[in-house]
>>> print(open('model25.cif').read())   # mmCIF, C-alpha atoms
data_my_file
#
loop_
_atom_site.label_atom_id
_atom_site.label_comp_id
_atom_site.auth_asym_id
_atom_site.auth_seq_id
_atom_site.Cartn_x
_atom_site.Cartn_y
_atom_site.Cartn_z
CA MET A 1 124.86 26.15 70.21
CA ARG A 2 123.59 25.76 73.75
CA SER A 3 125.87 26.69 76.60
CA SER A 4 126.64 23.95 79.08
CA THR A 5 126.43 26.40 81.95
CA HIS A 6 123.66 28.66 83.12
CA LEU A 7 125.32 31.70 84.67
CA PRO A 8 125.28 35.45 84.76
CA PRO A 9 128.08 36.83 82.50
CA ARG A 10 130.50 37.59 85.36
CA ARG A 11 130.20 34.09 86.79
CA ALA A 12 130.53 32.61 83.31
CA LEU A 13 133.81 34.49 82.92
CA LEU A 14 135.04 33.13 86.26
CA ALA A 15 133.97 29.62 85.25
CA THR A 16 135.86 29.92 81.98
CA ALA A 17 138.95 31.07 83.85
CA ALA A 18 138.68 28.08 86.19
CA LEU A 19 138.37 25.70 83.25
CA LEU A 20 141.36 27.26 81.48
CA LEU A 21 143.40 26.77 84.63
CA GLY A 22 142.94 23.03 84.41
CA GLY A 23 139.29 22.53 85.24
CA VAL A 24 139.96 21.60 88.83
CA ALA A 25 139.76 23.81 91.85
CA GLY A 26 141.03 22.15 94.99
CA CYS A 27 139.50 23.03 98.31
CA SER A 28 142.00 24.30 100.85
CA GLY A 29 142.63 21.60 103.43
CA ARG A 30 139.73 19.34 104.07
CA ASP A 31 136.79 21.59 104.81
CA PRO A 32 133.73 19.84 106.21
CA ALA A 33 131.06 19.02 103.65
CA PRO A 34 127.67 20.54 104.36
CA SER A 35 125.15 18.45 106.23
CA PHE A 36 121.79 18.21 104.48
CA GLY A 37 118.73 16.07 104.03
CA TYR A 38 117.46 15.07 100.63
CA THR A 39 114.71 13.15 98.86
CA LEU A 40 115.63 10.75 96.07
CA LEU A 41 113.53 10.39 92.93
CA ASP A 42 111.93 7.22 94.32
CA GLY A 43 110.74 9.20 97.37
CA ALA A 44 113.29 7.72 99.78
CA LYS A 45 114.62 10.26 102.23
CA GLY A 46 118.26 10.45 103.16
CA HIS A 47 120.75 12.60 105.02
CA THR A 48 124.44 13.10 104.53
CA ASP A 49 125.03 12.00 108.12
CA GLY A 50 124.07 8.51 106.94
CA LEU A 51 126.93 8.59 104.42
CA ARG A 52 129.70 8.94 106.99
CA GLY A 53 132.20 6.13 106.64
CA LYS A 54 131.79 6.19 102.84
CA VAL A 55 133.61 8.10 100.15
CA VAL A 56 130.95 10.24 98.43
CA LEU A 57 130.79 11.92 95.05
CA VAL A 58 128.27 14.79 94.86
CA ASN A 59 127.68 15.85 91.26
CA PHE A 60 125.71 19.03 90.45
CA TRP A 61 124.25 18.71 86.97
CA ALA A 62 121.38 19.62 84.67
CA THR A 63 119.69 17.84 81.79
CA SER A 64 120.28 20.94 79.62
CA CYS A 65 124.03 20.93 80.35
CA VAL A 66 125.90 19.36 77.43
CA SER A 67 129.01 18.62 79.53
CA CYS A 68 126.86 17.04 82.26
CA VAL A 69 125.19 14.68 79.81
CA LYS A 70 128.58 13.85 78.24
CA GLU A 71 130.24 13.02 81.57
CA MET A 72 127.33 11.02 83.04
CA PRO A 73 128.43 7.64 81.59
CA GLN A 74 131.82 8.12 83.30
CA ILE A 75 130.11 9.07 86.58
CA VAL A 76 128.12 5.82 86.24
CA ALA A 77 131.28 3.82 85.49
CA THR A 78 133.07 5.34 88.49
CA HIS A 79 130.12 4.50 90.72
CA GLN A 80 129.96 0.91 89.44
CA ARG A 81 133.71 0.47 89.87
CA PHE A 82 133.80 1.50 93.53
CA LYS A 83 130.28 1.02 94.99
CA ALA A 84 131.05 -2.37 96.56
CA ARG A 85 133.93 -0.82 98.50
CA GLY A 86 132.04 1.96 100.31
CA PHE A 87 131.63 4.55 97.57
CA GLU A 88 128.38 6.47 97.10
CA THR A 89 127.25 8.88 94.40
CA LEU A 90 124.60 11.60 94.66
CA ALA A 91 123.59 13.36 91.45
CA VAL A 92 122.01 16.69 92.40
CA ALA A 93 119.88 18.22 89.64
CA MET A 94 119.85 22.01 89.72
CA SER A 95 116.74 23.89 90.83
CA TYR A 96 116.00 25.21 87.33
CA ASP A 97 115.94 21.71 85.80
CA PRO A 98 112.35 20.60 85.12
CA PRO A 99 111.63 17.60 87.40
CA ALA A 100 110.05 15.61 84.53
CA TYR A 101 113.28 15.98 82.51
CA VAL A 102 115.37 14.79 85.46
CA VAL A 103 113.14 11.76 86.06
CA ASN A 104 113.17 10.88 82.35
CA PHE A 105 116.96 11.22 82.15
CA ALA A 106 117.53 9.07 85.24
CA GLN A 107 115.10 6.38 84.07
CA THR A 108 116.18 6.16 80.43
CA ARG A 109 119.84 5.98 81.38
CA ARG A 110 119.19 3.71 84.36
CA LEU A 111 121.32 5.77 86.70
CA PRO A 112 122.46 3.34 89.42
CA PHE A 113 122.88 5.92 92.18
CA GLY A 114 120.84 8.44 94.10
CA VAL A 115 119.37 11.31 92.09
CA VAL A 116 118.11 14.37 93.95
CA ILE A 117 116.22 17.35 92.57
CA ASP A 118 117.40 20.46 94.42
CA ASN A 119 113.99 22.18 94.05
CA THR A 120 114.79 25.09 96.34
CA GLY A 121 118.49 25.42 95.53
CA ALA A 122 119.33 24.81 99.20
CA ILE A 123 121.84 22.03 98.47
CA ALA A 124 123.67 24.13 95.86
CA ARG A 125 123.75 27.06 98.31
CA ALA A 126 125.19 24.79 101.01
CA PHE A 127 128.04 23.90 98.64
CA ASN A 128 129.37 27.46 98.33
CA ASP A 129 126.43 28.58 96.19
CA THR A 130 127.29 26.19 93.35
CA GLN A 131 125.85 27.47 90.07
CA ILE A 132 128.20 26.09 87.44
CA THR A 133 127.31 22.73 85.95
CA PRO A 134 128.87 20.30 86.10
CA THR A 135 130.51 20.78 89.48
CA THR A 136 131.56 17.69 91.41
CA PHE A 137 132.68 17.36 95.02
CA LEU A 138 134.58 14.37 96.39
CA ILE A 139 134.05 13.81 100.12
CA ASP A 140 136.11 11.52 102.35
CA LYS A 141 134.87 8.99 104.91
CA ARG A 142 134.94 11.61 107.68
CA GLY A 143 132.68 13.96 105.75
CA ALA A 144 135.32 16.42 104.55
CA ILE A 145 135.59 17.84 101.04
CA VAL A 146 138.77 16.58 99.42
CA LYS A 147 138.35 17.96 95.91
CA ARG A 148 136.05 20.15 93.86
CA TYR A 149 135.96 19.71 90.10
CA VAL A 150 134.51 22.51 87.99
CA GLY A 151 133.71 21.07 84.60
CA GLU A 152 134.29 17.47 83.62
CA PRO A 153 136.79 15.73 85.93
CA ASP A 154 139.85 13.89 84.71
CA PHE A 155 138.31 10.50 85.46
CA ALA A 156 141.67 8.66 85.64
CA GLU A 157 142.83 11.12 88.31
CA LEU A 158 139.46 10.94 90.07
CA GLY A 159 139.63 7.14 90.15
CA GLY A 160 143.11 7.25 91.69
CA LEU A 161 141.94 9.69 94.35
CA VAL A 162 138.89 7.52 95.15
CA GLU A 163 141.22 4.50 95.52
CA LYS A 164 143.38 6.46 97.95
CA LEU A 165 140.38 7.68 99.98
CA LEU A 166 138.84 4.21 100.17
CA ALA A 167 142.14 2.91 101.55
CA GLU A 168 142.13 5.50 104.38
CA ALA A 169 141.12 4.26 107.81
#
>>> encode(input="model25.cif", output="structure tokens")
Amino acid sequence: MRSSTHLPPRRALLATAALLLGGVAGCSGRDPAPSFGYTLLDGAKGHTDGLRGKVVLVNFWATSCVSCVKEMPQIVATHQRFKARGFETLAVAMSYDPPAYVVNFAQTRRLPFGVVIDNTGAIARAFNDTQITPTTFLIDKRGAIVKRYVGEPDFAELGGLVEKLLAEA
């Protein structure tokens, strides 16, 4: 059976511990999210500065990650539910994921949000050297990290938190 994470043994042990403790690791306070530029699969360039004023979900994933593939329909549903109200989703494919696999996955599943291939690993490094997939960050309208989910989020809880953040001034 394929592992859904790609980690050295020590990090895998830490990831397992995090998942056993509920799968969610909250960030202390509201630390600022990293500022970075990115290129979407369609070649469009973007920067996180352009996302200020929106609630943003940044999902680190890989096509070889069983949990990532399993949760993607719920990521899509969350995006569809909130996109008209100022919610944005960025799916960041890990540096080891073959670009052709990422493009095929995004096209065949008609992902309705921005997909980025983190070729150099710079985006993952900017987010506390994220290596576990899936890892999802929820960022508020001011650009601060509100929550980090390691493993599949509880999507009911995530939806409630997105509602709350969208209601903030």
>>> resolve_selection(input="model25.cif", expression="the PyMOL selection byres ((chain A and resi 114) around 6)", output="list in words")
Leu90, Phe113 and Val115 of chain A
>>> resolve_selection(input="model25.cif", expression="the PyMOL selection byres ((chain A and resi 127-139) around 9)", output="PyMOL selection string")
chain A and resi 4-7+11-12+15+30+32-34+54-62+65+67-68+71+94+121-126+140-153+158+161-162+165
>>> atom_distance(input="model25.cif", atom1="atom CA of Met72 of chain A", atom2="atom CA of Asp42 of chain A")
19.5 Å
>>> closest_residue(input="model25.cif", among="A:Asp118, A:Glu168, A:Glu163, A:Asp49", to="Tyr96 of chain A", atoms="all atoms listed in the file")
A:Asp118
>>> atom_distance(input="model25.cif", atom1="atom CA of Ala44 of chain A", atom2="atom CA of Ala169 of chain A")
29.2 Å
>>> atom_distance(input="model25.cif", atom1="atom CA of Asn119 of chain A", atom2="atom CA of Lys45 of chain A")
14.5 Å
>>> resolve_selection(input="model25.cif", expression="the PyMOL selection byres ((chain A and resi 75-81) around 8)", output="PyMOL selection string")
chain A and resi 71-74+82-84+87-89+111-113+155+159
